Amino acid sequence: MELSLLELWMTMGPVARGIVVVLLFMSVAASAVAMRKGLQFWQSRRATLAFWRPFSQALARGDLDEAQRLADSTPASPLAASLRSVIPSLQIGPDEAQFDDWELGAVERVTELSALDQLAILRRGLGILATTGATAPFVGLLGTVVGVVNAFSGMAASGSGGLSSVTQGIAEALITTAVGLIIAIPAVWLYNYFVDRMELMSMEISAGGKELLDFMLRERRRARSRAH
């Protein structure tokens, strides 16, 4: 005889039902995080692609006003956000562009700190996905243990080892195991995907900081050439 999900739910004991409810709660939380982070990463990537080329061209021309305008007008890009607080410190006259090693190091440190801040913002919520992916199979395994215990209890109560005496317990064991795996596998996939996107954004932010340092070195060479 085939059993529907509703019939399986009705035949479950209170402990097995509680485990399924916990797993469903974990699934809802992980799904909400995945949708929110997916939208955030998509917006960040789109904004960064729109920001990067015009910003590089502005720096190549030495147009810091345009570079600052681009950074201010692209709040969704982690790259722009990490550079927004650095560019104003470079707004100096042409005769003052003598950037020494200390200034270069200061800009590099500020850029790195801004990058860490942006990555921390992107990382928020990913712990829920990681926790769901790591613990959901074990929560389902707890349901498996409870189901096996119920199966042996039914066997003992009936005094026989017939299939009818263990059906309910085995059904509980299988359904909780399946639910745990169904929830855990997508959570692990999504977590790894978002971590990969974060690594890409980290490299982009690092490249943006290097571009600023290259600009400062070019300006220092020009200033020294004018001085001589």
# chains A, B, ... in the order shown; residues from 1 in each chain; ligands from 1

call {"tool": "residues_around", "arguments": {"residues": "Thr177 in chain A", "least_positions_apart": "4", "cutoff": "10 Å", "atoms": "only C-alpha atoms", "output": "PyMOL selection string"}}
result
chain A and resi 20+136-145+147+171-173+181-182

call {"tool": "residues_around", "arguments": {"residues": "Ser202 in chain A", "least_positions_apart": "6", "cutoff": "12 Å", "atoms": "only C-alpha atoms", "output": "list of chain:residue names"}}
result
A:Arg45, A:Thr48, A:Ser77, A:Pro78, A:Leu79, A:Ser82, A:Thr111, A:Glu112, A:Leu113, A:Ser114, A:Ala115, A:Leu116, A:Asp117, A:Gln118, A:Leu119, A:Ala120, A:Leu122, A:Arg123, A:Val195, A:Asp196, A:Gly208, A:Gly209

call {"tool": "atom_distance", "arguments": {"atom1": "CA of Phe215 in chain A", "atom2": "CA of Ala47 in chain A"}}
result
22.5 Å

call {"tool": "residues_around", "arguments": {"residues": "Thr135 in chain A", "least_positions_apart": "4", "cutoff": "12 Å", "atoms": "only C-alpha atoms", "output": "number ranges by chain"}}
result
A: 22-23, 26-27, 127-131, 139-142, 180-181, 183-185, 187-188

call {"tool": "write_last_selection", "arguments": {"atoms": "C-alpha atoms", "output": "PDB file, in the first residue's frame"}}
result
ATOM      1  CA  VAL A  22      12.742  21.979  12.629  1.00  0.00           C
ATOM      2  CA  LEU A  23      14.025  20.935   9.205  1.00  0.00           C
ATOM      3  CA  MET A  26      15.801  25.602   8.560  1.00  0.00           C
ATOM      4  CA  SER A  27      14.740  25.318   4.920  1.00  0.00           C
ATOM      5  CA  GLY A 127      26.447  31.522   8.249  1.00  0.00           C
ATOM      6  CA  ILE A 128      22.803  30.425   8.100  1.00  0.00           C
ATOM      7  CA  LEU A 129      23.436  28.621   4.819  1.00  0.00           C
ATOM      8  CA  ALA A 130      26.618  27.037   6.180  1.00  0.00           C
ATOM      9  CA  THR A 131      24.875  25.930   9.374  1.00  0.00           C
ATOM     10  CA  VAL A 139      18.953  16.508  12.273  1.00  0.00           C
ATOM     11  CA  GLY A 140      17.518  14.096   9.702  1.00  0.00           C
ATOM     12  CA  LEU A 141      19.745  11.365  11.130  1.00  0.00           C
ATOM     13  CA  LEU A 142      18.230  12.017  14.543  1.00  0.00           C
ATOM     14  CA  GLY A 180      17.387  16.480   5.837  1.00  0.00           C
ATOM     15  CA  LEU A 181      19.333  15.695   2.657  1.00  0.00           C
ATOM     16  CA  ILE A 183      17.510  20.725   2.550  1.00  0.00           C
ATOM     17  CA  ALA A 184      21.256  20.305   3.103  1.00  0.00           C
ATOM     18  CA  ILE A 185      22.428  19.705  -0.477  1.00  0.00           C
ATOM     19  CA  ALA A 187      22.317  24.912   1.051  1.00  0.00           C
ATOM     20  CA  VAL A 188      25.890  23.640   0.582  1.00  0.00           C
TER      21      VAL A 188
END

call {"tool": "atom_distance", "arguments": {"atom1": "CA of Leu104 in chain A", "atom2": "CA of Leu217 in chain A"}}
result
8.4 Å

call {"tool": "select_by_dssp", "arguments": {"residues": "range 43-79 of chain A", "states": "helix (DSSP H, G or I)", "output": "NGL selection string"}}
result
:A and (43-61 or 64-72 or 78-79)

call {"tool": "closest_residue", "arguments": {"among": "A:Leu39, A:Val110, A:Ala71, A:Ala76", "to": "Pro54 in chain A", "atoms": "only C-alpha atoms"}}
result
A:Ala71

call {"tool": "atom_distance", "arguments": {"atom1": "CA of Gln43 in chain A", "atom2": "CA of Leu24 in chain A"}}
result
28.6 Å
